[in-house]
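A quick write-up on the structure given underneath.
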Amino acid sequence: MLNRISTELPTIPPLVSIELLKTRKRRVTWICFGIVVAFLAFMFIAVRVLMKSTAGADSPEFMQMDAAMRFPTGFGFLQIMEAQSALYLVIVLVSLLVGSEYGWGTLRLALARGPSRTQFMLAKLIAAMLTIVIGTAAFLIVGAALMILGDLTIGAFDPVFPDRFWLDLFLDWLRTTAVLMIYVAIAFAAASLLRSGGAGIGVGLAFVVVEQIVMNLFIGFGGTLGKVAQYFPTRLTESVLFTSRLTVWIDVEGGQPPPGGTWLDPWPAAGLLTLYFVVLIGGAIWVFNKRDLTSGSGT
Amino acid sequence: MRINNGSEPVVRLEGLTKRFGSLTAVDQLDLEVIPGEVFGFLGPNGAGKSTTIGMMLGLIEPTAGSVEMFGMDASRHRSDVLRRVGAIIEAPAFYPYLSGRDNLRVVARYSGGGHESQIDEVLELVGLGGREKDKIKHYSTGMKQRLGLASVLLGEPDLIVLDEPTAGLDPAGTHEFRELIRATATESGRTVFMSSHLLSEVQQTCDRVAIINRGRTVLQESLEDLLHRVGGVYFEVDDSERAETALTAAGVAASVGNEPNTVWAEVGRERIGELNSLLVGAGLVVSGSGVRSSDLESVFLEVTGNGASKEESGN
């Protein structure tokens, strides 16, 4: 086993570089990035400017929103947005990274050149995870730039950094990025099992929506079902994230668990998310290794 | 790790079998490909050609039998074997949003890297120099086929596997591609394994052929021997059975033809006059004679039962 790992691992980096090249050159990557930038620009600049002009600079509504969106307090707001919305982009990007090979028939081209199926899938997984890491870092950097631009636009640039701010920012970025990996695994498994990027997106997004509905129903029923809800992936990610120091600091839903239901502590929740991740990825790779790649399979 | 000494087969398939549920797509297939030859793998649609190639390349798991390439068990030494193989499986597949050059870079890295310096050379070789920066989605079918061949040549593989390589090309493109394949084999001494259902293509390109039907090898020999062997002449006579007897008595392999009053003799055209005299001398009236077309098409139709095959889901 160790011998096999030692022979297979060195060949993975070139495969990862291929996947990153493909991700970089694919238009949908930049469309997703453009959507994020446009959304952040809207939130940090347009909304603040509009609200200041309509509600007035002294109105409580404007002051509350302005406080949450200033540099650097706006990082907490960014982190909440990322935790709540980035998963949709993650599902789209990862599904296309994994599933689109079937549509183009390039899967057989790749595997006929020598890499093993496990190497091929691990390279895709690593590339997907790296893309998410880079993407979330870019999200913070672009967000910071837009926060500053927003501050300058309304004449409110006056940054104040609390103690440990940069360390907390880093740890929260790490935590938010880590919990997104469960959605990487869901999209990865859906796209590879269904042999289609589009199907992966559909199933991945449907899973998130249905899970949310069922989870809320279970929490509403309470009792045993309520306890079952704490093991749902999204509930587990919330368990990991609600202790975020940044959100505590800006006092936006931070530090307190959302109301209703029961919760696992952050570390057991993180452990369970890791287990789900391993099972989903392991299952997808196992099935992929067993599958015949005939033209009839859509490749 | 190159152990090929020039005499052992580059490819050896033994008892290769693939079943998809109740359907047997490939059935106890035996095959050998000799180093340096252009080998034609023929069969009607659904005969099991693509499934066989899929098993050779590790894309499809055989139900039984073995695939040996370069003297190695292909399932146990998959990566070592495939790094010496360049393949186009059905239509060449590329990433439409990448340029021709980037697609070749991808292929080079899939092959273990180290071949990226050859990209310019192979692009020139297939006539795509100057178009390498264009995205694939702007390539014509012929350009994609050429890029496919360029990708195959990267890394200087010992064996080139082409599955229906001219599918979708117009006649001029087909001719050009065939010349490229032939030149590649002749100039570099590489072995080419080419599946096709286009008989003229195989006849003009290949040294040796195997014909499969319903997943089984029905014929495997050199094209020259094959065409020579199946040549023959026919006579239109007033009594075909008496003519057959007369020819057989003279030591000629003969048979009554399907057409009325026709007898076939398995001899070259140079013996038509001699056999005509023999039949007339036996009291038969000979009203016509001719040479049986000895092209691959007639052989193919004969050994595959007019090209009939079953549908094959995996093909």
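Here, A, B, ... name the chains of the structure tokens in the order displayed, residue numbers run from 1 inside each chain, and ligands are numbered from 1 in the same displayed order.
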Within 12 Å of region 188-192 of chain B using only C-alpha atoms, minus same-chain residues under 2 positions, as a ChimeraX atom specification:
/B:6,9-11,32-41,69-70,84-88,149,152-153,156-163,165,178,180-186,194-195,202,205-209
If we count only C-alpha atoms and set the cut-off at 8 Å, which residues sit around Leu98 (chain B), ignoring sequence neighbours fewer than 6 positions away in its own chain? Please answer as an NGL selection string.
(:A and (22 or 25)) or (:B and (135-136))
Sorted by chain and rising residue number, which residues of chain A lie within 9 Å of chain B, and what are their closest atom pairs and distances in Å to one decimal, counting only C-alpha atoms, as a Markdown table?
```
| residue | atom | partner | partner_atom | distance |
| --- | --- | --- | --- | --- |
| A:Thr11 | CA | B:Gly112 | CA | 6.9 |
| A:Pro14 | CA | B:Arg109 | CA | 5.9 |
| A:Leu15 | CA | B:Tyr110 | CA | 6.5 |
| A:Ser17 | CA | B:Arg109 | CA | 8.6 |
| A:Ile18 | CA | B:Val106 | CA | 5.9 |
| A:Glu19 | CA | B:Val106 | CA | 8.9 |
| A:Leu21 | CA | B:Val106 | CA | 8.7 |
| A:Lys22 | CA | B:Leu98 | CA | 7.6 |
| A:Lys25 | CA | B:Leu98 | CA | 6.8 |
| A:Arg26 | CA | B:Tyr97 | CA | 6.3 |
| A:Arg27 | CA | B:Tyr97 | CA | 7.8 |
| A:Glu101 | CA | B:Tyr95 | CA | 8.5 |
| A:Trp104 | CA | B:Ala93 | CA | 6.3 |
| A:Gly105 | CA | B:Ala93 | CA | 5.4 |
| A:Thr106 | CA | B:Ala93 | CA | 5.1 |
| A:Leu107 | CA | B:Ala93 | CA | 8.5 |
| A:Arg108 | CA | B:Leu59 | CA | 7.0 |
| A:Leu109 | CA | B:Ala93 | CA | 6.6 |
| A:Ala110 | CA | B:Tyr110 | CA | 6.1 |
| A:Leu111 | CA | B:Leu59 | CA | 7.2 |
| A:Ala112 | CA | B:Leu57 | CA | 5.6 |
| A:Arg113 | CA | B:Ser111 | CA | 5.1 |
| A:Gly114 | CA | B:Ser79 | CA | 4.4 |
| A:Pro115 | CA | B:Ser79 | CA | 6.2 |
| A:Ser116 | CA | B:Ser79 | CA | 7.1 |
| A:Lys290 | CA | B:Glu61 | CA | 8.3 |
| A:Arg291 | CA | B:Ile60 | CA | 7.7 |
| A:Asp292 | CA | B:Ile60 | CA | 4.5 |
| A:Leu293 | CA | B:Leu59 | CA | 5.2 |
| A:Thr294 | CA | B:Gly314 | CA | 5.5 |
| A:Ser295 | CA | B:Asn315 | CA | 6.6 |
| A:Gly296 | CA | B:Gly314 | CA | 5.9 |
| A:Ser297 | CA | B:Gly314 | CA | 8.4 |
```
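The residue that comes closest to Leu272 (chain A), out of A:Ile219, A:Leu241, A:Ala189, A:Ile182 and on the basis of only C-alpha atoms, is A:Ile182.
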Polymer residues at most 9 Å from Arg117 (chain A), only C-alpha atoms, same-chain spacing of 4 or more positions, as a PyMOL selection string
chain A and resi 111+121-122+285+288-289
Selection from above, N, CA and C atoms, as a short mmCIF file (atom, residue, chain, number, x, y, z; two decimals), in the first residue's frame, can you write it?
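Saved to result-v7.cif:
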```
data_model
loop_
_atom_site.label_atom_id
_atom_site.label_comp_id
_atom_site.auth_asym_id
_atom_site.auth_seq_id
_atom_site.Cartn_x
_atom_site.Cartn_y
_atom_site.Cartn_z
N LEU A 111 -7.14 9.23 -19.73
CA LEU A 111 -6.81 7.94 -19.10
C LEU A 111 -6.04 7.03 -20.05
N MET A 121 -8.52 11.39 -10.47
CA MET A 121 -9.56 11.96 -9.60
C MET A 121 -8.94 12.76 -8.46
N LEU A 122 -7.84 12.25 -7.89
CA LEU A 122 -7.21 13.00 -6.80
C LEU A 122 -6.70 14.35 -7.30
N ILE A 285 -14.52 7.96 -6.05
CA ILE A 285 -13.32 7.40 -6.69
C ILE A 285 -13.48 5.89 -6.87
N PHE A 288 -15.77 5.29 -9.77
CA PHE A 288 -15.09 5.67 -11.01
C PHE A 288 -14.09 4.60 -11.45
N ASN A 289 -13.43 4.01 -10.46
CA ASN A 289 -12.46 2.95 -10.78
C ASN A 289 -13.12 1.69 -11.31
#
```
Test item, alpha helix (DSSP H) assignment across region 142-276 of chain A, answer as a short mmCIF file (atom, residue, chain, number, x, y, z; two decimals) with N, CA, C and O atoms, in the first residue's frame:
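The resulting selection_38.cif:
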```
data_model
loop_
_atom_site.label_atom_id
_atom_site.label_comp_id
_atom_site.auth_asym_id
_atom_site.auth_seq_id
_atom_site.Cartn_x
_atom_site.Cartn_y
_atom_site.Cartn_z
N VAL A 142 -10.50 41.27 -2.71
CA VAL A 142 -11.38 42.15 -3.50
C VAL A 142 -12.35 42.87 -2.58
O VAL A 142 -12.61 44.09 -2.72
N GLY A 143 -12.88 42.13 -1.60
CA GLY A 143 -13.80 42.74 -0.63
C GLY A 143 -13.14 43.88 0.12
O GLY A 143 -13.74 44.95 0.31
N ALA A 144 -11.88 43.68 0.54
CA ALA A 144 -11.16 44.72 1.27
C ALA A 144 -10.98 45.96 0.39
O ALA A 144 -11.19 47.10 0.86
N ALA A 145 -10.62 45.73 -0.86
CA ALA A 145 -10.43 46.86 -1.77
C ALA A 145 -11.73 47.63 -1.95
O ALA A 145 -11.73 48.88 -1.96
N LEU A 146 -12.84 46.91 -2.07
CA LEU A 146 -14.13 47.58 -2.27
C LEU A 146 -14.61 48.27 -1.00
O LEU A 146 -15.28 49.31 -1.05
N MET A 147 -14.29 47.65 0.16
CA MET A 147 -14.60 48.31 1.44
C MET A 147 -13.91 49.67 1.52
O MET A 147 -14.52 50.69 1.85
N ILE A 148 -12.62 49.66 1.20
CA ILE A 148 -11.83 50.90 1.25
C ILE A 148 -12.37 51.91 0.25
O ILE A 148 -12.54 53.10 0.56
N LEU A 149 -12.70 51.41 -0.95
CA LEU A 149 -13.24 52.30 -1.97
C LEU A 149 -14.57 52.90 -1.51
O LEU A 149 -14.84 54.10 -1.71
N GLY A 150 -15.39 52.07 -0.88
CA GLY A 150 -16.67 52.55 -0.35
C GLY A 150 -16.46 53.60 0.72
O GLY A 150 -17.13 54.63 0.74
N ASP A 151 -15.49 53.32 1.63
CA ASP A 151 -15.17 54.30 2.69
C ASP A 151 -14.73 55.62 2.08
O ASP A 151 -15.17 56.70 2.52
N LEU A 152 -13.88 55.54 1.08
CA LEU A 152 -13.36 56.76 0.46
C LEU A 152 -14.47 57.51 -0.27
O LEU A 152 -14.54 58.74 -0.25
N THR A 153 -15.39 56.75 -0.90
CA THR A 153 -16.49 57.36 -1.66
C THR A 153 -17.40 58.19 -0.76
O THR A 153 -17.84 59.27 -1.13
N PHE A 165 -6.37 41.20 15.29
CA PHE A 165 -7.29 41.27 14.15
C PHE A 165 -6.84 40.39 12.99
O PHE A 165 -7.63 39.60 12.45
N TRP A 166 -5.58 40.51 12.59
CA TRP A 166 -5.13 39.78 11.40
C TRP A 166 -5.10 38.28 11.64
O TRP A 166 -5.42 37.49 10.74
N LEU A 167 -4.75 37.90 12.88
CA LEU A 167 -4.76 36.46 13.19
C LEU A 167 -6.20 35.93 13.15
O LEU A 167 -6.46 34.86 12.57
N ASP A 168 -7.11 36.69 13.74
CA ASP A 168 -8.52 36.27 13.70
C ASP A 168 -9.05 36.21 12.27
O ASP A 168 -9.79 35.29 11.91
N LEU A 169 -8.64 37.19 11.50
CA LEU A 169 -9.08 37.20 10.10
C LEU A 169 -8.58 35.94 9.38
O LEU A 169 -9.34 35.26 8.67
N PHE A 170 -7.32 35.62 9.61
CA PHE A 170 -6.74 34.43 8.97
C PHE A 170 -7.45 33.15 9.44
O PHE A 170 -7.82 32.30 8.63
N LEU A 171 -7.65 33.05 10.75
CA LEU A 171 -8.29 31.83 11.27
C LEU A 171 -9.73 31.70 10.77
O LEU A 171 -10.18 30.60 10.45
N ASP A 172 -10.41 32.81 10.68
CA ASP A 172 -11.80 32.74 10.20
C ASP A 172 -11.85 32.42 8.70
O ASP A 172 -12.74 31.69 8.24
N TRP A 173 -10.89 32.95 7.96
CA TRP A 173 -10.81 32.60 6.53
C TRP A 173 -10.56 31.09 6.40
O TRP A 173 -11.20 30.41 5.59
N LEU A 174 -9.65 30.60 7.25
CA LEU A 174 -9.31 29.18 7.20
C LEU A 174 -10.55 28.33 7.53
O LEU A 174 -10.86 27.35 6.86
N ARG A 175 -11.26 28.75 8.55
CA ARG A 175 -12.43 28.00 9.00
C ARG A 175 -13.54 28.02 7.94
O ARG A 175 -14.13 27.00 7.62
N THR A 176 -13.80 29.19 7.39
CA THR A 176 -14.85 29.31 6.36
C THR A 176 -14.49 28.50 5.12
O THR A 176 -15.33 27.82 4.53
N THR A 177 -13.21 28.58 4.74
CA THR A 177 -12.76 27.83 3.56
C THR A 177 -12.86 26.33 3.82
O THR A 177 -13.28 25.56 2.95
N ALA A 178 -12.49 25.93 5.02
CA ALA A 178 -12.50 24.49 5.35
C ALA A 178 -13.91 23.91 5.26
O ALA A 178 -14.11 22.82 4.71
N VAL A 179 -14.90 24.65 5.80
CA VAL A 179 -16.25 24.06 5.78
C VAL A 179 -16.84 24.04 4.37
O VAL A 179 -17.73 23.23 4.08
N LEU A 180 -16.31 24.88 3.49
CA LEU A 180 -16.80 24.82 2.10
C LEU A 180 -16.40 23.50 1.42
O LEU A 180 -16.99 23.11 0.41
N MET A 181 -15.40 22.84 1.99
CA MET A 181 -14.91 21.60 1.36
C MET A 181 -15.98 20.50 1.34
O MET A 181 -15.93 19.60 0.51
N ILE A 182 -16.93 20.57 2.26
CA ILE A 182 -17.99 19.56 2.22
C ILE A 182 -18.83 19.74 0.95
O ILE A 182 -19.30 18.76 0.35
N TYR A 183 -18.96 20.99 0.50
CA TYR A 183 -19.71 21.23 -0.74
C TYR A 183 -18.87 20.86 -1.97
O TYR A 183 -19.41 20.47 -3.00
N VAL A 184 -17.55 20.97 -1.82
CA VAL A 184 -16.66 20.44 -2.86
C VAL A 184 -16.92 18.94 -3.02
O VAL A 184 -17.08 18.42 -4.13
N ALA A 185 -16.99 18.26 -1.87
CA ALA A 185 -17.18 16.80 -1.91
C ALA A 185 -18.55 16.43 -2.48
O ALA A 185 -18.67 15.48 -3.27
N ILE A 186 -19.58 17.19 -2.10
CA ILE A 186 -20.94 16.89 -2.61
C ILE A 186 -20.97 17.07 -4.13
O ILE A 186 -21.46 16.20 -4.87
N ALA A 187 -20.42 18.18 -4.62
CA ALA A 187 -20.42 18.44 -6.08
C ALA A 187 -19.54 17.42 -6.80
O ALA A 187 -19.90 16.92 -7.88
N PHE A 188 -18.41 17.11 -6.22
CA PHE A 188 -17.47 16.15 -6.81
C PHE A 188 -18.15 14.78 -6.98
O PHE A 188 -18.11 14.17 -8.05
N ALA A 189 -18.79 14.33 -5.91
CA ALA A 189 -19.45 13.02 -5.96
C ALA A 189 -20.63 13.04 -6.94
O ALA A 189 -20.78 12.12 -7.75
N ALA A 190 -21.43 14.11 -6.89
CA ALA A 190 -22.61 14.17 -7.76
C ALA A 190 -22.19 14.20 -9.23
O ALA A 190 -22.73 13.46 -10.06
N ALA A 191 -21.21 15.03 -9.57
CA ALA A 191 -20.81 15.17 -10.97
C ALA A 191 -20.15 13.90 -11.50
O ALA A 191 -20.36 13.51 -12.64
N SER A 192 -19.35 13.24 -10.67
CA SER A 192 -18.67 12.04 -11.17
C SER A 192 -19.63 10.85 -11.22
O SER A 192 -19.56 10.05 -12.15
N LEU A 193 -20.52 10.74 -10.24
CA LEU A 193 -21.45 9.62 -10.27
C LEU A 193 -22.48 9.76 -11.38
O LEU A 193 -22.87 8.79 -12.01
N LEU A 194 -22.89 11.00 -11.65
CA LEU A 194 -23.90 11.23 -12.69
C LEU A 194 -23.28 11.50 -14.06
O LEU A 194 -23.99 11.67 -15.04
N GLY A 197 -21.42 17.51 -15.77
CA GLY A 197 -21.27 18.73 -15.01
C GLY A 197 -22.62 19.35 -14.68
O GLY A 197 -22.87 19.78 -13.55
N GLY A 198 -23.51 19.36 -15.68
CA GLY A 198 -24.84 19.94 -15.49
C GLY A 198 -25.63 19.19 -14.42
O GLY A 198 -26.27 19.80 -13.56
N ALA A 199 -25.55 17.86 -14.49
CA ALA A 199 -26.27 17.05 -13.50
C ALA A 199 -25.68 17.27 -12.12
O ALA A 199 -26.41 17.30 -11.12
N GLY A 200 -24.36 17.43 -12.07
CA GLY A 200 -23.70 17.68 -10.78
C GLY A 200 -24.18 18.98 -10.18
O GLY A 200 -24.46 19.05 -8.98
N ILE A 201 -24.30 20.01 -11.02
CA ILE A 201 -24.79 21.31 -10.53
C ILE A 201 -26.23 21.17 -10.02
O ILE A 201 -26.56 21.61 -8.93
N GLY A 202 -27.05 20.51 -10.84
CA GLY A 202 -28.47 20.35 -10.48
C GLY A 202 -28.63 19.61 -9.17
O GLY A 202 -29.33 20.07 -8.26
N VAL A 203 -27.96 18.48 -9.06
CA VAL A 203 -28.11 17.67 -7.85
C VAL A 203 -27.48 18.37 -6.65
O VAL A 203 -28.04 18.37 -5.54
N GLY A 204 -26.32 19.00 -6.88
CA GLY A 204 -25.65 19.70 -5.77
C GLY A 204 -26.53 20.81 -5.21
O GLY A 204 -26.71 20.92 -3.99
N LEU A 205 -27.09 21.63 -6.10
CA LEU A 205 -27.93 22.74 -5.64
C LEU A 205 -29.23 22.23 -5.03
O LEU A 205 -29.70 22.75 -4.01
N ALA A 206 -29.78 21.19 -5.65
CA ALA A 206 -31.01 20.61 -5.10
C ALA A 206 -30.75 20.05 -3.70
O ALA A 206 -31.58 20.20 -2.79
N PHE A 207 -29.60 19.44 -3.53
CA PHE A 207 -29.27 18.90 -2.21
C PHE A 207 -29.27 20.01 -1.16
O PHE A 207 -29.84 19.85 -0.07
N VAL A 208 -28.63 21.13 -1.51
CA VAL A 208 -28.52 22.22 -0.54
C VAL A 208 -29.92 22.74 -0.18
O VAL A 208 -30.22 22.95 1.00
N VAL A 209 -30.77 22.91 -1.18
CA VAL A 209 -32.12 23.45 -0.93
C VAL A 209 -32.95 22.46 -0.11
O VAL A 209 -33.56 22.81 0.91
N VAL A 210 -32.96 21.18 -0.57
CA VAL A 210 -33.77 20.17 0.11
C VAL A 210 -33.26 19.95 1.54
O VAL A 210 -34.05 19.83 2.49
N GLU A 211 -31.94 19.94 1.69
CA GLU A 211 -31.37 19.73 3.02
C GLU A 211 -31.85 20.84 3.97
O GLU A 211 -32.21 20.58 5.11
N GLN A 212 -31.84 22.07 3.46
CA GLN A 212 -32.27 23.21 4.29
C GLN A 212 -33.72 23.05 4.72
O GLN A 212 -34.06 23.26 5.89
N ILE A 213 -34.57 22.64 3.77
CA ILE A 213 -36.00 22.48 4.09
C ILE A 213 -36.20 21.37 5.12
O ILE A 213 -36.87 21.55 6.14
N VAL A 214 -35.57 20.21 4.83
CA VAL A 214 -35.75 19.06 5.73
C VAL A 214 -35.18 19.38 7.11
O VAL A 214 -35.78 19.06 8.15
N MET A 215 -34.02 20.04 7.10
CA MET A 215 -33.37 20.36 8.37
C MET A 215 -34.27 21.26 9.22
O MET A 215 -34.47 21.01 10.42
N ASN A 216 -34.84 22.27 8.58
CA ASN A 216 -35.72 23.18 9.34
C ASN A 216 -36.98 22.48 9.82
O ASN A 216 -37.48 22.75 10.91
N LEU A 217 -37.50 21.57 8.98
CA LEU A 217 -38.67 20.78 9.41
C LEU A 217 -38.33 19.94 10.64
O LEU A 217 -39.08 19.89 11.61
N PHE A 218 -37.20 19.27 10.59
CA PHE A 218 -36.77 18.41 11.70
C PHE A 218 -36.59 19.24 12.98
O PHE A 218 -37.00 18.82 14.06
N ILE A 219 -35.97 20.41 12.80
CA ILE A 219 -35.75 21.27 13.97
C ILE A 219 -37.10 21.70 14.53
O ILE A 219 -37.32 21.73 15.74
N GLY A 220 -38.04 21.99 13.61
CA GLY A 220 -39.38 22.39 14.04
C GLY A 220 -40.10 21.27 14.79
O GLY A 220 -40.77 21.51 15.79
N PHE A 221 -39.92 20.01 14.33
CA PHE A 221 -40.56 18.88 15.01
C PHE A 221 -39.94 18.66 16.40
O PHE A 221 -40.61 18.22 17.32
N GLY A 223 -37.49 16.97 19.35
CA GLY A 223 -37.31 15.58 19.78
C GLY A 223 -36.16 14.91 19.04
O GLY A 223 -35.13 15.54 18.76
N THR A 224 -36.40 13.64 18.70
CA THR A 224 -35.34 12.86 18.04
C THR A 224 -35.00 13.45 16.68
O THR A 224 -33.83 13.55 16.30
N LEU A 225 -36.05 13.85 15.94
CA LEU A 225 -35.79 14.44 14.62
C LEU A 225 -34.96 15.71 14.74
O LEU A 225 -34.07 15.97 13.94
N GLY A 226 -35.25 16.49 15.74
CA GLY A 226 -34.48 17.71 15.98
C GLY A 226 -33.02 17.40 16.22
O GLY A 226 -32.13 18.14 15.78
N LYS A 227 -32.80 16.29 16.94
CA LYS A 227 -31.41 15.91 17.20
C LYS A 227 -30.72 15.39 15.92
O LYS A 227 -29.53 15.60 15.72
N VAL A 228 -31.51 14.71 15.09
CA VAL A 228 -30.95 14.21 13.82
C VAL A 228 -30.47 15.39 12.97
O VAL A 228 -29.43 15.30 12.30
N ALA A 229 -31.19 16.49 13.04
CA ALA A 229 -30.86 17.65 12.20
C ALA A 229 -29.46 18.19 12.46
O ALA A 229 -28.84 18.79 11.59
N PRO A 233 -25.06 18.27 7.00
CA PRO A 233 -23.83 18.99 6.68
C PRO A 233 -23.92 20.50 6.93
O PRO A 233 -23.02 21.08 7.54
N THR A 234 -25.02 21.12 6.49
CA THR A 234 -25.10 22.57 6.65
C THR A 234 -25.15 22.95 8.12
O THR A 234 -24.52 23.93 8.55
N ARG A 235 -25.87 22.16 8.93
CA ARG A 235 -25.94 22.42 10.36
C ARG A 235 -24.54 22.28 10.99
O ARG A 235 -24.16 23.05 11.87
N LEU A 236 -23.79 21.30 10.50
CA LEU A 236 -22.44 21.09 11.02
C LEU A 236 -21.54 22.27 10.65
O LEU A 236 -20.72 22.69 11.47
N THR A 237 -21.69 22.79 9.43
CA THR A 237 -20.85 23.94 9.06
C THR A 237 -21.21 25.15 9.94
O THR A 237 -20.33 25.90 10.35
N GLU A 238 -22.50 25.28 10.26
CA GLU A 238 -22.89 26.38 11.13
C GLU A 238 -22.31 26.19 12.54
O GLU A 238 -21.90 27.14 13.19
N SER A 239 -22.24 24.92 12.97
CA SER A 239 -21.64 24.63 14.28
C SER A 239 -20.19 25.08 14.32
O SER A 239 -19.71 25.58 15.34
N VAL A 240 -19.50 24.88 13.22
CA VAL A 240 -18.09 25.26 13.17
C VAL A 240 -17.94 26.77 13.11
O VAL A 240 -17.03 27.34 13.70
N LEU A 241 -18.87 27.43 12.43
CA LEU A 241 -18.67 28.85 12.12
C LEU A 241 -19.21 29.83 13.15
O LEU A 241 -18.75 30.95 13.22
N ARG A 245 -14.64 34.67 15.69
CA ARG A 245 -14.33 35.87 16.48
C ARG A 245 -14.68 37.15 15.71
O ARG A 245 -15.06 38.14 16.30
N LEU A 246 -14.53 37.10 14.39
CA LEU A 246 -14.82 38.32 13.62
C LEU A 246 -16.29 38.68 13.70
O LEU A 246 -16.66 39.84 13.87
N THR A 247 -17.13 37.67 13.56
CA THR A 247 -18.57 37.98 13.61
C THR A 247 -18.98 38.33 15.03
O THR A 247 -19.91 39.12 15.24
N VAL A 248 -18.30 37.76 16.03
CA VAL A 248 -18.56 38.18 17.40
C VAL A 248 -18.22 39.67 17.53
O VAL A 248 -18.97 40.47 18.09
N TRP A 249 -17.09 39.98 16.95
CA TRP A 249 -16.56 41.34 17.11
C TRP A 249 -17.48 42.40 16.50
O TRP A 249 -17.70 43.45 17.08
N ILE A 250 -18.04 42.09 15.31
CA ILE A 250 -18.94 43.09 14.71
C ILE A 250 -20.38 42.92 15.18
O ILE A 250 -21.25 43.68 14.81
N PRO A 266 -17.96 22.63 18.05
CA PRO A 266 -17.23 22.83 16.79
C PRO A 266 -16.31 21.68 16.40
O PRO A 266 -16.31 21.25 15.23
N TRP A 267 -15.55 21.13 17.34
CA TRP A 267 -14.59 20.10 16.94
C TRP A 267 -15.26 18.80 16.51
O TRP A 267 -14.91 18.23 15.46
N PRO A 268 -16.24 18.27 17.29
CA PRO A 268 -16.96 17.09 16.79
C PRO A 268 -17.64 17.35 15.45
O PRO A 268 -17.67 16.48 14.57
N ALA A 269 -18.16 18.58 15.28
CA ALA A 269 -18.81 18.91 14.00
C ALA A 269 -17.78 18.87 12.86
O ALA A 269 -18.05 18.32 11.78
N ALA A 270 -16.59 19.42 13.14
CA ALA A 270 -15.54 19.41 12.11
C ALA A 270 -15.12 17.96 11.79
O ALA A 270 -14.88 17.61 10.62
N GLY A 271 -15.06 17.14 12.85
CA GLY A 271 -14.70 15.73 12.64
C GLY A 271 -15.72 15.01 11.77
O GLY A 271 -15.36 14.24 10.86
N LEU A 272 -16.98 15.28 12.05
CA LEU A 272 -18.04 14.62 11.27
C LEU A 272 -18.05 15.10 9.82
O LEU A 272 -18.25 14.31 8.89
N LEU A 273 -17.81 16.40 9.64
CA LEU A 273 -17.71 16.92 8.26
C LEU A 273 -16.56 16.25 7.50
O LEU A 273 -16.68 15.92 6.32
N THR A 274 -15.45 16.04 8.21
CA THR A 274 -14.31 15.36 7.59
C THR A 274 -14.68 13.94 7.19
O THR A 274 -14.31 13.46 6.10
N LEU A 275 -15.43 13.28 8.06
CA LEU A 275 -15.86 11.91 7.76
C LEU A 275 -16.76 11.89 6.52
O LEU A 275 -16.59 11.08 5.61
N TYR A 276 -17.71 12.81 6.45
CA TYR A 276 -18.59 12.90 5.27
C TYR A 276 -17.76 13.13 4.02
O TYR A 276 -18.00 12.53 2.96
#
```
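Closest approach to Gln203 (chain B) among B:Leu247, B:Leu23, B:Val299, B:Ala47 is made by B:Val299 (distances from only C-alpha atoms).
Using only C-alpha atoms, the contacts of region 235-241 of chain B at a cut-off of 9 Å, with sequence neighbours closer than 5 positions omitted, comprise Ala246, Ser255, Val256, Gly257, Pro260, Asn261, Thr262, Val263, Trp264, Ala265, Ile272, Asn276, Leu279, Leu284, Val285, Val286, Ser287, Gly288, Ser289 and Gly290 of chain B.
Contact shell of Ala210 (chain B) at 9 Å (only C-alpha atoms; same-chain neighbours under 3 positions omitted): Leu31, Phe39, Gly40, Phe41, Leu42, Gly43, Thr217, Val218, Leu219, Gln220, Glu221 and Ser222 of chain B.
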Just N, CA and C atoms for this one: save the residues we selected as a compact mmCIF listing (two decimals), in the first residue's frame.
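Saved as result01.txt:
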```txt
# COMPACT_ATOMS: atom_id res chain seq x y z
N LEU B 31 -5.39 -12.06 -31.02
CA LEU B 31 -4.84 -11.11 -31.99
C LEU B 31 -3.37 -10.86 -31.68
N PHE B 39 -1.45 -2.13 -38.84
CA PHE B 39 -2.39 -3.24 -38.67
C PHE B 39 -3.81 -2.72 -38.75
N GLY B 40 -4.58 -3.29 -39.65
CA GLY B 40 -5.98 -2.87 -39.81
C GLY B 40 -6.90 -3.77 -39.00
N PHE B 41 -7.76 -3.15 -38.24
CA PHE B 41 -8.70 -3.90 -37.39
C PHE B 41 -10.09 -3.62 -37.94
N LEU B 42 -10.60 -4.58 -38.67
CA LEU B 42 -11.83 -4.36 -39.43
C LEU B 42 -13.02 -5.09 -38.84
N GLY B 43 -14.14 -4.51 -39.04
CA GLY B 43 -15.36 -5.20 -38.63
C GLY B 43 -16.54 -4.31 -38.88
N THR B 217 -12.57 -13.04 -33.84
CA THR B 217 -11.68 -12.87 -34.98
C THR B 217 -12.07 -13.92 -36.02
N VAL B 218 -12.41 -13.45 -37.22
CA VAL B 218 -12.78 -14.42 -38.26
C VAL B 218 -11.66 -14.56 -39.28
N LEU B 219 -10.70 -13.65 -39.23
CA LEU B 219 -9.62 -13.72 -40.22
C LEU B 219 -8.49 -12.82 -39.74
N GLN B 220 -7.25 -13.28 -39.92
CA GLN B 220 -6.10 -12.44 -39.56
C GLN B 220 -4.91 -12.85 -40.43
N GLU B 221 -4.56 -12.02 -41.36
CA GLU B 221 -3.37 -12.30 -42.18
C GLU B 221 -2.94 -11.06 -42.95
N SER B 222 -1.84 -11.19 -43.68
CA SER B 222 -1.34 -10.03 -44.41
C SER B 222 -2.31 -9.70 -45.54
```
